[in-house]
$ cat final_16.cif   # mmCIF, C-alpha atoms and all ligand atoms
data_query
loop_
_atom_site.label_atom_id
_atom_site.label_comp_id
_atom_site.auth_asym_id
_atom_site.auth_seq_id
_atom_site.Cartn_x
_atom_site.Cartn_y
_atom_site.Cartn_z
CA MET A 70 -57.02 -33.57 -16.63
CA SER A 71 -60.44 -32.95 -18.23
CA PHE A 72 -60.70 -31.97 -21.92
CA ALA A 73 -61.75 -28.43 -20.93
CA GLY A 74 -58.82 -28.24 -18.51
CA PHE A 75 -56.44 -29.39 -21.23
CA MET A 76 -57.76 -26.76 -23.69
CA ASP A 77 -57.34 -24.06 -21.05
CA PHE A 78 -53.75 -25.18 -20.38
CA ALA A 79 -52.93 -25.35 -24.12
CA ARG A 80 -54.36 -21.85 -24.72
CA LYS A 81 -52.34 -20.31 -21.87
CA ASP A 82 -49.17 -22.06 -23.07
CA VAL A 83 -49.43 -20.95 -26.71
CA ASN A 84 -50.49 -17.38 -25.87
CA LEU A 85 -47.24 -16.85 -23.98
CA LEU A 86 -45.34 -15.85 -27.10
CA GLU A 87 -47.37 -12.91 -28.39
CA SER A 88 -45.36 -9.64 -28.81
CA SER A 89 -42.27 -10.92 -26.95
CA PRO A 90 -38.53 -10.35 -27.69
CA THR A 91 -36.96 -12.64 -30.29
CA ALA A 92 -33.22 -11.95 -29.71
CA PHE A 93 -30.87 -11.99 -26.69
CA LEU A 94 -30.77 -8.60 -24.89
CA LYS A 95 -27.36 -8.87 -23.22
CA LYS A 96 -26.73 -5.18 -22.42
CA LEU A 97 -30.13 -4.84 -20.75
CA HIS A 98 -29.49 -7.94 -18.59
CA SER A 99 -26.07 -6.73 -17.49
CA ASP A 100 -27.59 -3.35 -16.49
CA PHE A 101 -30.48 -5.14 -14.74
CA ILE A 102 -28.08 -7.14 -12.53
CA CYS A 103 -25.95 -4.07 -11.71
CA LYS A 104 -29.01 -2.07 -10.77
CA TYR A 105 -30.38 -4.93 -8.67
CA GLU A 106 -27.11 -5.21 -6.76
CA LYS A 107 -26.77 -1.46 -6.10
CA ASP A 108 -30.35 -0.59 -5.19
CA ARG A 109 -30.15 -1.43 -1.46
CA ASP A 110 -33.24 0.60 -0.52
CA SER A 111 -35.61 -1.28 -2.79
CA TYR A 112 -38.50 -3.41 -1.55
CA GLU A 113 -37.07 -6.39 -3.48
CA TYR A 114 -33.69 -6.06 -1.74
CA ALA A 115 -35.26 -5.99 1.73
CA MET A 116 -37.55 -8.91 0.98
CA SER A 117 -34.77 -11.10 -0.39
CA GLU A 118 -32.62 -11.14 2.78
CA SER A 119 -33.34 -14.81 3.47
CA LEU A 120 -31.97 -15.65 0.00
CA ARG A 121 -29.14 -13.12 -0.18
CA LEU A 122 -26.10 -15.37 -0.62
CA SER A 123 -27.95 -17.40 -3.25
CA GLY A 124 -28.95 -14.13 -4.91
CA ILE A 125 -25.32 -13.00 -5.04
CA TYR A 126 -24.36 -16.32 -6.69
CA TRP A 127 -27.18 -15.98 -9.26
CA CYS A 128 -26.05 -12.42 -10.14
CA LEU A 129 -22.33 -13.28 -10.27
CA SER A 130 -22.80 -16.40 -12.35
CA ALA A 131 -25.09 -14.56 -14.78
CA MET A 132 -22.48 -11.80 -15.15
CA ASP A 133 -19.64 -14.31 -15.56
CA ILE A 134 -21.54 -16.18 -18.29
CA MET A 135 -22.19 -12.82 -20.03
CA GLN A 136 -18.48 -11.88 -19.59
CA GLU A 137 -19.49 -8.84 -17.52
CA LEU A 138 -17.99 -9.85 -14.16
CA ASP A 139 -15.77 -6.76 -13.98
CA ARG A 140 -18.87 -4.66 -13.29
CA MET A 141 -19.30 -6.37 -9.89
CA ASN A 142 -17.63 -5.20 -6.66
CA ARG A 143 -15.45 -8.20 -5.78
CA ASP A 144 -14.03 -6.94 -2.46
CA GLU A 145 -17.40 -5.92 -1.10
CA ILE A 146 -18.90 -9.30 -2.01
CA VAL A 147 -16.05 -11.30 -0.43
CA LYS A 148 -16.40 -9.23 2.76
CA TYR A 149 -20.13 -9.96 2.85
CA VAL A 150 -19.62 -13.71 2.33
CA LYS A 151 -17.24 -13.78 5.32
CA GLU A 152 -19.93 -12.12 7.48
CA CYS A 153 -22.33 -14.97 6.63
CA ARG A 154 -20.05 -17.65 8.16
CA ARG A 155 -21.48 -19.31 11.28
CA GLU A 156 -19.81 -21.08 14.21
CA ASP A 157 -20.79 -24.54 12.90
CA GLY A 158 -18.68 -23.99 9.76
CA GLY A 159 -21.65 -23.43 7.44
CA TYR A 160 -22.88 -20.19 5.88
CA GLY A 161 -26.24 -18.49 6.29
CA PRO A 162 -28.03 -16.47 3.61
CA ALA A 163 -27.22 -13.18 5.39
CA GLU A 164 -25.51 -11.91 8.56
CA GLN A 165 -27.23 -13.26 11.69
CA HIS A 166 -29.09 -15.99 9.82
CA ASP A 167 -28.56 -19.67 10.65
CA SER A 168 -26.33 -21.73 8.40
CA HIS A 169 -27.82 -23.86 5.63
CA LEU A 170 -26.32 -26.19 3.02
CA LEU A 171 -27.81 -24.20 0.11
CA HIS A 172 -26.04 -21.01 1.11
CA THR A 173 -22.86 -22.86 2.02
CA LEU A 174 -22.59 -24.11 -1.58
CA CYS A 175 -23.24 -20.56 -2.75
CA ALA A 176 -20.36 -19.26 -0.59
CA VAL A 177 -18.05 -21.77 -2.29
CA GLN A 178 -19.39 -20.96 -5.77
CA ILE A 179 -18.98 -17.21 -5.19
CA ALA A 180 -15.41 -17.69 -3.98
CA ILE A 181 -14.58 -19.77 -7.08
CA ILE A 182 -16.23 -17.33 -9.52
CA LEU A 183 -14.27 -14.47 -7.93
CA ASP A 184 -11.09 -16.58 -7.77
CA ARG A 185 -10.87 -16.01 -4.01
CA LEU A 186 -11.21 -19.56 -2.66
CA GLU A 187 -8.71 -18.77 0.09
CA CYS A 188 -11.27 -16.42 1.69
CA ILE A 189 -13.65 -19.18 2.74
CA ASP A 190 -13.15 -21.62 5.60
CA ALA A 191 -12.90 -24.92 3.67
CA GLU A 192 -12.16 -27.06 6.75
CA GLY A 193 -15.19 -25.69 8.62
CA ILE A 194 -17.41 -26.29 5.57
CA VAL A 195 -16.28 -29.91 5.24
CA GLN A 196 -17.15 -30.60 8.90
CA PHE A 197 -20.52 -28.83 8.50
CA VAL A 198 -21.44 -30.92 5.43
CA LYS A 199 -20.21 -34.21 6.95
CA ASN A 200 -22.40 -33.68 10.00
CA LEU A 201 -25.51 -33.41 7.81
CA GLN A 202 -25.28 -36.91 6.28
CA LYS A 203 -27.78 -39.45 7.70
CA PRO A 204 -27.11 -43.20 8.16
CA ASP A 205 -29.22 -44.00 5.04
CA GLY A 206 -26.92 -41.78 2.93
CA SER A 207 -29.36 -38.86 2.61
CA PHE A 208 -28.58 -35.28 3.67
CA THR A 209 -30.51 -32.69 5.64
CA GLY A 210 -30.09 -29.02 4.71
CA ASP A 211 -29.63 -27.86 8.31
CA SER A 212 -30.43 -28.94 11.87
CA SER A 213 -34.16 -29.28 11.07
CA ASN A 214 -33.78 -32.89 9.86
CA GLU A 215 -35.77 -32.41 6.64
CA ILE A 216 -34.25 -34.61 3.93
CA ASP A 217 -34.47 -33.87 0.22
CA THR A 218 -32.46 -34.89 -2.86
CA ARG A 219 -31.68 -31.17 -3.31
CA PHE A 220 -29.55 -31.40 -0.18
CA THR A 221 -27.74 -34.50 -1.47
CA PHE A 222 -26.76 -32.63 -4.63
CA VAL A 223 -25.73 -29.51 -2.75
CA ALA A 224 -23.62 -31.48 -0.26
CA LEU A 225 -21.85 -33.42 -3.02
CA ALA A 226 -21.31 -30.30 -5.16
CA THR A 227 -19.82 -28.42 -2.19
CA LEU A 228 -17.40 -31.20 -1.29
CA TYR A 229 -16.49 -31.87 -4.93
CA LEU A 230 -15.64 -28.20 -5.49
CA LEU A 231 -13.43 -28.28 -2.40
CA GLY A 232 -11.79 -31.55 -3.52
CA ARG A 233 -13.08 -33.34 -0.39
CA LEU A 234 -15.63 -35.93 -1.63
CA ASN A 235 -13.75 -38.61 0.28
CA GLU A 236 -15.06 -37.14 3.57
CA ILE A 237 -18.59 -38.62 3.24
CA ASP A 238 -20.07 -42.05 2.52
CA ALA A 239 -20.47 -41.70 -1.27
CA GLN A 240 -21.79 -45.24 -1.79
CA LYS A 241 -24.62 -44.62 0.71
CA ALA A 242 -25.37 -41.29 -0.98
CA VAL A 243 -25.75 -43.08 -4.35
CA GLU A 244 -28.00 -45.74 -2.75
CA PHE A 245 -30.28 -43.01 -1.37
CA VAL A 246 -30.48 -41.21 -4.72
CA LEU A 247 -31.38 -44.47 -6.48
CA LYS A 248 -34.19 -45.05 -3.93
CA CYS A 249 -35.70 -41.78 -5.21
CA TYR A 250 -35.62 -43.02 -8.86
CA ASN A 251 -39.16 -43.53 -10.15
CA SER A 252 -40.51 -46.00 -12.72
CA ASP A 253 -41.30 -43.09 -15.11
CA GLY A 254 -37.56 -42.30 -15.34
CA GLY A 255 -37.72 -39.16 -13.13
CA PHE A 256 -36.63 -38.51 -9.53
CA GLY A 257 -38.43 -37.03 -6.53
CA THR A 258 -37.46 -35.32 -3.28
CA ARG A 259 -37.57 -38.55 -1.24
CA PRO A 260 -38.32 -42.26 -1.93
CA GLY A 261 -41.84 -42.51 -3.42
CA SER A 262 -42.19 -38.78 -4.18
CA GLU A 263 -43.47 -37.51 -7.55
CA SER A 264 -40.91 -36.92 -10.30
CA HIS A 265 -40.00 -33.27 -10.77
CA SER A 266 -37.48 -31.68 -13.19
CA GLY A 267 -35.69 -29.81 -10.39
CA GLN A 268 -35.18 -33.04 -8.50
CA VAL A 269 -34.04 -34.81 -11.68
CA TYR A 270 -31.32 -32.17 -12.05
CA CYS A 271 -30.23 -32.76 -8.45
CA CYS A 272 -30.16 -36.56 -8.76
CA VAL A 273 -28.59 -36.73 -12.21
CA GLY A 274 -26.08 -34.09 -11.01
CA SER A 275 -25.30 -36.16 -7.90
CA LEU A 276 -24.71 -39.29 -9.97
CA CYS A 277 -22.60 -37.27 -12.42
CA ILE A 278 -20.42 -35.90 -9.61
CA LEU A 279 -19.95 -39.43 -8.25
CA ASP A 280 -19.43 -40.88 -11.76
CA ARG A 281 -22.39 -43.26 -11.36
CA LEU A 282 -24.68 -42.24 -14.25
CA GLU A 283 -24.51 -45.79 -15.57
CA SER A 284 -26.71 -46.82 -12.59
CA ILE A 285 -29.86 -45.45 -14.28
CA ASP A 286 -31.69 -46.00 -17.57
CA ARG A 287 -30.42 -42.85 -19.32
CA ASN A 288 -32.80 -43.18 -22.28
CA LYS A 289 -35.82 -43.45 -20.00
CA THR A 290 -34.78 -40.44 -17.91
CA ALA A 291 -33.98 -38.38 -21.02
CA ALA A 292 -37.37 -39.30 -22.52
CA TRP A 293 -39.15 -38.07 -19.36
CA LEU A 294 -37.13 -34.83 -19.56
CA ALA A 295 -37.79 -34.32 -23.30
CA GLN A 296 -41.52 -34.73 -22.67
CA ARG A 297 -41.36 -31.56 -20.55
CA GLN A 298 -41.33 -29.44 -23.74
CA CYS A 299 -44.72 -27.74 -24.24
CA THR A 300 -46.29 -26.42 -27.44
CA SER A 301 -44.79 -22.96 -26.78
CA GLY A 302 -41.30 -24.51 -26.74
CA GLY A 303 -40.95 -23.83 -22.99
CA LEU A 304 -40.31 -26.62 -20.48
CA ASN A 305 -42.39 -27.51 -17.45
CA GLY A 306 -41.36 -29.10 -14.15
CA ARG A 307 -43.81 -32.00 -14.34
CA PRO A 308 -46.72 -33.16 -16.54
CA GLU A 309 -49.69 -30.83 -17.06
CA LYS A 310 -47.96 -27.78 -15.54
CA LEU A 311 -47.15 -24.49 -17.25
CA PRO A 312 -43.61 -23.87 -18.53
CA ASP A 313 -41.17 -21.68 -16.60
CA VAL A 314 -37.82 -20.43 -17.91
CA CYS A 315 -35.96 -21.89 -14.91
CA TYR A 316 -36.86 -25.39 -16.12
CA SER A 317 -34.93 -24.57 -19.26
CA TRP A 318 -31.92 -24.93 -17.00
CA TRP A 319 -32.99 -27.87 -14.80
CA VAL A 320 -34.10 -29.92 -17.83
CA LEU A 321 -31.50 -28.92 -20.44
CA SER A 322 -28.56 -29.30 -18.04
CA SER A 323 -29.82 -32.78 -17.05
CA LEU A 324 -30.09 -33.73 -20.72
CA ALA A 325 -26.59 -32.34 -21.29
CA MET A 326 -25.25 -34.54 -18.47
CA LEU A 327 -27.04 -37.49 -20.08
CA LYS A 328 -25.52 -36.49 -23.47
CA ARG A 329 -29.00 -36.13 -24.98
CA LEU A 330 -29.47 -32.35 -25.26
CA HIS A 331 -30.49 -32.84 -28.91
CA TRP A 332 -33.72 -34.53 -27.74
CA ILE A 333 -35.16 -31.01 -27.29
CA ASP A 334 -36.39 -28.82 -30.17
CA GLU A 335 -33.66 -26.15 -29.89
CA GLU A 336 -35.27 -23.46 -32.04
CA LYS A 337 -38.61 -23.60 -30.21
CA MET A 338 -36.76 -23.67 -26.89
CA LYS A 339 -34.72 -20.54 -27.70
CA ARG A 340 -37.86 -18.72 -28.88
CA PHE A 341 -39.48 -19.37 -25.51
CA ILE A 342 -36.37 -18.30 -23.54
CA TYR A 343 -36.06 -15.05 -25.54
CA ALA A 344 -39.76 -14.40 -24.97
CA CYS A 345 -39.22 -14.47 -21.18
CA GLN A 346 -36.92 -11.39 -21.35
CA ASP A 347 -38.22 -8.00 -20.26
CA SER A 348 -37.34 -5.64 -23.11
CA GLU A 349 -37.76 -2.56 -20.88
CA THR A 350 -36.16 -3.41 -17.53
CA GLY A 351 -33.89 -6.26 -18.66
CA GLY A 352 -33.78 -9.61 -16.86
CA PHE A 353 -35.85 -12.74 -17.37
CA ALA A 354 -39.20 -13.62 -15.81
CA ASP A 355 -40.61 -17.13 -15.25
CA ARG A 356 -42.69 -16.68 -18.41
CA PRO A 357 -43.45 -13.89 -20.90
CA GLU A 358 -45.08 -10.74 -19.50
CA ASP A 359 -44.22 -11.53 -15.85
CA VAL A 360 -41.80 -9.50 -13.68
CA SER A 361 -38.09 -10.34 -14.11
CA ASP A 362 -35.77 -11.33 -11.25
CA PRO A 363 -32.14 -12.58 -10.82
CA PHE A 364 -33.19 -16.24 -10.25
CA HIS A 365 -34.92 -16.57 -13.62
CA THR A 366 -32.26 -14.38 -15.24
CA VAL A 367 -29.31 -16.64 -14.42
CA PHE A 368 -31.12 -19.81 -15.38
CA GLY A 369 -32.42 -18.31 -18.65
CA ILE A 370 -28.93 -17.15 -19.58
CA ALA A 371 -27.27 -20.41 -18.49
CA ALA A 372 -29.77 -22.43 -20.53
CA LEU A 373 -28.97 -20.37 -23.64
CA SER A 374 -25.27 -20.96 -23.02
CA LEU A 375 -25.82 -24.74 -23.17
CA PHE A 376 -26.75 -24.19 -26.84
CA SER A 377 -23.42 -22.34 -27.43
CA HIS A 378 -24.51 -18.71 -27.78
CA PRO A 379 -21.90 -16.36 -29.39
CA GLU A 380 -22.28 -13.70 -26.65
CA LEU A 381 -21.98 -16.17 -23.76
CA SER A 382 -19.19 -18.13 -22.07
CA SER A 383 -19.63 -21.86 -21.97
CA VAL A 384 -21.39 -23.07 -18.81
CA ASP A 385 -20.81 -26.31 -16.85
CA ALA A 386 -24.06 -28.31 -16.82
CA VAL A 387 -23.55 -29.63 -13.27
CA PHE A 388 -22.58 -26.47 -11.40
CA CYS A 389 -24.18 -23.63 -13.41
CA MET A 390 -20.87 -21.79 -13.43
CA THR A 391 -18.60 -21.01 -16.39
CA LYS A 392 -16.21 -23.76 -17.44
CA LYS A 393 -13.55 -21.03 -17.43
CA CYS A 394 -13.88 -20.29 -13.70
CA LEU A 395 -14.05 -24.01 -12.84
CA GLY A 396 -10.92 -24.91 -14.81
CA ASP A 397 -10.08 -28.59 -14.32
CA LYS A 398 -13.02 -28.95 -11.88
CA SER A 399 -15.46 -28.64 -14.81
CA LEU A 400 -17.35 -31.92 -15.27
CA CYS A 401 -19.68 -31.51 -18.24
C1 LIG B 1 -27.83 -24.33 -9.48
C2 LIG B 1 -25.62 -25.31 -8.77
C3 LIG B 1 -27.05 -25.07 -8.47
C4 LIG B 1 -27.54 -25.56 -7.32
C5 LIG B 1 -28.94 -25.49 -6.90
C6 LIG B 1 -31.35 -26.14 -4.79
C7 LIG B 1 -30.90 -26.69 -6.09
C8 LIG B 1 -29.43 -26.81 -6.34
C9 LIG B 1 -31.76 -27.05 -7.03
C10 LIG B 1 -33.23 -26.90 -6.91
C11 LIG B 1 -33.88 -27.65 -8.02
C12 LIG B 1 -35.36 -27.44 -7.95
C13 LIG B 1 -36.13 -28.24 -6.98
C14 LIG B 1 -35.93 -26.57 -8.81
C15 LIG B 1 -37.37 -26.31 -8.92
C16 LIG B 1 -37.68 -24.91 -8.49
C17 LIG B 1 -39.13 -24.56 -8.68
C18 LIG B 1 -39.44 -23.50 -9.64
C19 LIG B 1 -40.07 -25.20 -8.00
C20 LIG B 1 -41.50 -24.88 -8.16
O1 LIG B 1 -42.23 -26.02 -7.86
P1 LIG B 1 -43.80 -25.91 -7.95
O2 LIG B 1 -44.38 -27.19 -7.51
O3 LIG B 1 -43.97 -25.60 -9.47
O4 LIG B 1 -44.26 -24.68 -7.25
P2 LIG B 1 -44.50 -26.46 -10.69
O5 LIG B 1 -43.80 -25.82 -11.86
O6 LIG B 1 -44.12 -27.89 -10.48
O7 LIG B 1 -45.96 -26.22 -10.69
#

$ encode --input "final_16.cif" --output "structure tokens"
Amino acid sequence: MSFAGFMDFARKDVNLLESSPTAFLKKLHSDFICKYEKDRDSYEYAMSESLRLSGIYWCLSAMDIMQELDRMNRDEIVKYVKECRREDGGYGPAEQHDSHLLHTLCAVQIAIILDRLECIDAEGIVQFVKNLQKPDGSFTGDSSNEIDTRFTFVALATLYLLGRLNEIDAQKAVEFVLKCYNSDGGFGTRPGSESHSGQVYCCVGSLCILDRLESIDRNKTAAWLAQRQCTSGGLNGRPEKLPDVCYSWWVLSSLAMLKRLHWIDEEKMKRFIYACQDSETGGFADRPEDVSDPFHTVFGIAALSLFSHPELSSVDAVFCMTKKCLGDKSLC
């Protein structure tokens, strides 16, 4: 990056905090999620069809962490999840969409948050996930054959939550994840790909689920993660990029799994997260002054919970769900 480029980046980063909220606006966020869920005629609702099941998980988990779950319509949500089940045992993002691993994990997470695990087809899900593992241990997300460490994490998380990790080749899965480990301490999508915080979360999470975190240099990985903190206090996904509140989750949860959460400046971090709230509409945006949405809202709230916030339930760093709903399945 040139000197001028660096100065431009630094100016944009620091300017993020001007005139932004400095405390947690719980009531506004709870209302924001309720409104988002009910407003079926909105442009945002129509445009988010291809993400719907994920969106329901983001909203439910945010409400569960805020202890506001009773405001959600459990029966209606369970009915909708059932409509997203496909013949191959997986779940699509919406009715009439093809199945995908990402949304299959969301179906399981939703069922656990709502304490209705009996409403999903566990046996079909296990077969669906098993069929997506490749001989080198990697996973594809669907029949398209694209591999990515995101899909490894999602496959392992799904099977772990169903108590069926024994159904896949776990040793091969670990070997694939370790092939994606870079010399800088981060992980990428595939062997040789650039390190990215989101991928670090997926790989550290995979190793945590399989109890193999000792296979990496935890100090080196934590140092790469801690270096994601920018002058504003926010975290970025990779060097020389702007911070985004969702990285507060991907980075902090990874550090929590590595038992090195204290490597981040907590006060500066919280100031940035609070600044990403919209004090009029509620919800969190990627960064101050942008438009809020459920994706950034759940990860902003979950990140705050990792620092033990008095208004929030404690969140599990691997699954981004409350420890309460996970019970003895909680890992970290
Ligand atoms: C939360 C339990 C749970 C599961 C989700 C799918 C998944 C598992 C994790 C995704 C992790 C990931 C890759 C996050 C990054 C998302 C993101 C904001 C990507 C943006 O990438 P770029 O390249 O942005 O557009 P940067 O910030 O790098 O410029």

$ residues_near_ligand --input "final_16.cif" --ligand "ligand LIG 1 (chain B)" --cutoff "8 Å" --atoms "all atoms listed in the file" --output "PyMOL selection string"
chain A and resi 171+174+219-220+222-223+226+265-268+270-271+305-307+310-313+315-316+319+387-390

$ residues_near_point --input "final_16.cif" --point "(-28.7, -41.8, 1.5)" --cutoff "6 Å" --atoms "only C-alpha atoms" --output "NGL selection string"
:A and (205-207 or 241-242 or 244-245)

$ write_last_selection --input "final_16.cif" --atoms "C-alpha atoms" --output "PDB file, keeping the file's coordinate frame"
ATOM      1  CA  ASP A 205     -29.220 -44.000   5.040  1.00  0.00           C
ATOM      2  CA  GLY A 206     -26.920 -41.780   2.930  1.00  0.00           C
ATOM      3  CA  SER A 207     -29.360 -38.860   2.610  1.00  0.00           C
ATOM      4  CA  LYS A 241     -24.620 -44.620   0.710  1.00  0.00           C
ATOM      5  CA  ALA A 242     -25.370 -41.290  -0.980  1.00  0.00           C
ATOM      6  CA  GLU A 244     -28.000 -45.740  -2.750  1.00  0.00           C
ATOM      7  CA  PHE A 245     -30.280 -43.010  -1.370  1.00  0.00           C
TER       8      PHE A 245
END

$ closest_residue --input "final_16.cif" --among "A:Leu373, A:Ala354, A:Ala292, A:Ile125" --to "Leu183 (chain A)" --atoms "all atoms listed in the file"
A:Ile125

$ atom_distance --input "final_16.cif" --atom1 "CA of Ala131 (chain A)" --atom2 "CA of Ile182 (chain A)"
10.7 Å

$ closest_residue --input "final_16.cif" --among "A:Ser213, A:Gln346, A:Ser264, A:Gln178" --to "Lys398 (chain A)" --atoms "only C-alpha atoms"
A:Gln178

$ axis_aligned_box --input "final_16.cif" --around "region 322-340 of chain A" --padding-each-side "4 Å" --output "JSON"
{"center_x": -31.9, "center_y": -28.1, "center_z": -24.5, "size_x": 21.4, "size_y": 26.8, "size_z": 23.0}

$ closest_residue --input "final_16.cif" --among "A:Arg297, A:Arg329, A:Arg154, A:Arg109" --to "Ala191 (chain A)" --atoms "only C-alpha atoms"
A:Arg154

$ closest_residue --input "final_16.cif" --among "A:Val273, A:Cys345, A:Ile216, A:Leu201" --to "Val360 (chain A)" --atoms "all atoms listed in the file"
A:Cys345

$ residues_around --input "final_16.cif" --residues "Val243 (chain A)" --least-positions-apart "2" --cutoff "8 Å" --atoms "all atoms listed in the file" --output "ChimeraX atom specification"
/A:206,239-241,245-247,275-276,279,281

$ atom_distance --input "final_16.cif" --atom1 "CA of Ile370 (chain A)" --atom2 "CA of Met338 (chain A)"
12.5 Å

$ closest_residue --input "final_16.cif" --among "A:Thr221, A:Ser301, A:Ser99, A:Thr227" --to "Glu192 (chain A)" --atoms "all atoms listed in the file"
A:Thr227

$ closest_residue --input "final_16.cif" --among "A:Glu164, A:Glu118, A:Asp211, A:Asp355" --to "Gly369 (chain A)" --atoms "only C-alpha atoms"
A:Asp355

$ residues_around --input "final_16.cif" --residues "Ser168 (chain A)" --least-positions-apart "6" --cutoff "12 Å" --atoms "all atoms listed in the file" --output "PyMOL selection string"
chain A and resi 119-120+122+152-162+174-176+193-194+197-198+201+210-213

$ residues_near_point --input "final_16.cif" --point "(-17.8, -20.7, 2.6)" --cutoff "6 Å" --atoms "only C-alpha atoms" --output "number ranges by chain"
A: 173, 176-177, 189-190

$ atom_distance --input "final_16.cif" --atom1 "CA of Phe93 (chain A)" --atom2 "CA of Arg356 (chain A)"
15.2 Å

$ decode --input "final_16.cif" --residues "region 383-396 of chain A" --atoms "N, CA and C atoms" --output "PDB file, in the first residue's frame"
ATOM      1  N   SER A 383     -24.900 -15.603  27.828  1.00  0.00           N
ATOM      2  CA  SER A 383     -23.562 -16.013  27.416  1.00  0.00           C
ATOM      3  C   SER A 383     -23.638 -16.836  26.122  1.00  0.00           C
ATOM      4  N   VAL A 384     -22.757 -16.520  25.161  1.00  0.00           N
ATOM      5  CA  VAL A 384     -22.818 -17.169  23.852  1.00  0.00           C
ATOM      6  C   VAL A 384     -21.690 -18.192  23.714  1.00  0.00           C
ATOM      7  N   ASP A 385     -21.941 -19.276  22.991  1.00  0.00           N
ATOM      8  CA  ASP A 385     -20.904 -20.274  22.707  1.00  0.00           C
ATOM      9  C   ASP A 385     -20.081 -19.774  21.515  1.00  0.00           C
ATOM     10  N   ALA A 386     -18.749 -19.752  21.685  1.00  0.00           N
ATOM     11  CA  ALA A 386     -17.870 -19.161  20.666  1.00  0.00           C
ATOM     12  C   ALA A 386     -17.810 -19.990  19.384  1.00  0.00           C
ATOM     13  N   VAL A 387     -18.146 -21.259  19.436  1.00  0.00           N
ATOM     14  CA  VAL A 387     -18.079 -22.093  18.227  1.00  0.00           C
ATOM     15  C   VAL A 387     -19.362 -21.955  17.397  1.00  0.00           C
ATOM     16  N   PHE A 388     -20.507 -21.970  18.078  1.00  0.00           N
ATOM     17  CA  PHE A 388     -21.776 -22.106  17.347  1.00  0.00           C
ATOM     18  C   PHE A 388     -22.588 -20.818  17.239  1.00  0.00           C
ATOM     19  N   CYS A 389     -22.154 -19.733  17.891  1.00  0.00           N
ATOM     20  CA  CYS A 389     -22.913 -18.488  17.898  1.00  0.00           C
ATOM     21  C   CYS A 389     -24.373 -18.728  18.289  1.00  0.00           C
ATOM     22  N   MET A 390     -24.520 -19.467  19.371  1.00  0.00           N
ATOM     23  CA  MET A 390     -25.831 -19.741  19.971  1.00  0.00           C
ATOM     24  C   MET A 390     -25.619 -19.634  21.486  1.00  0.00           C
ATOM     25  N   THR A 391     -26.704 -19.381  22.246  1.00  0.00           N
ATOM     26  CA  THR A 391     -26.489 -19.261  23.691  1.00  0.00           C
ATOM     27  C   THR A 391     -26.042 -20.598  24.281  1.00  0.00           C
ATOM     28  N   LYS A 392     -25.209 -20.496  25.325  1.00  0.00           N
ATOM     29  CA  LYS A 392     -24.776 -21.708  26.024  1.00  0.00           C
ATOM     30  C   LYS A 392     -26.000 -22.390  26.634  1.00  0.00           C
ATOM     31  N   LYS A 393     -26.987 -21.552  27.008  1.00  0.00           N
ATOM     32  CA  LYS A 393     -28.200 -22.077  27.650  1.00  0.00           C
ATOM     33  C   LYS A 393     -28.934 -23.029  26.697  1.00  0.00           C
ATOM     34  N   CYS A 394     -29.126 -22.605  25.428  1.00  0.00           N
ATOM     35  CA  CYS A 394     -29.884 -23.479  24.522  1.00  0.00           C
ATOM     36  C   CYS A 394     -29.072 -24.717  24.139  1.00  0.00           C
ATOM     37  N   LEU A 395     -27.733 -24.607  24.162  1.00  0.00           N
ATOM     38  CA  LEU A 395     -26.900 -25.756  23.775  1.00  0.00           C
ATOM     39  C   LEU A 395     -26.770 -26.776  24.905  1.00  0.00           C
ATOM     40  N   GLY A 396     -26.919 -26.319  26.134  1.00  0.00           N
ATOM     41  CA  GLY A 396     -26.780 -27.240  27.277  1.00  0.00           C
ATOM     42  C   GLY A 396     -25.431 -27.930  27.249  1.00  0.00           C
TER      43      GLY A 396
END
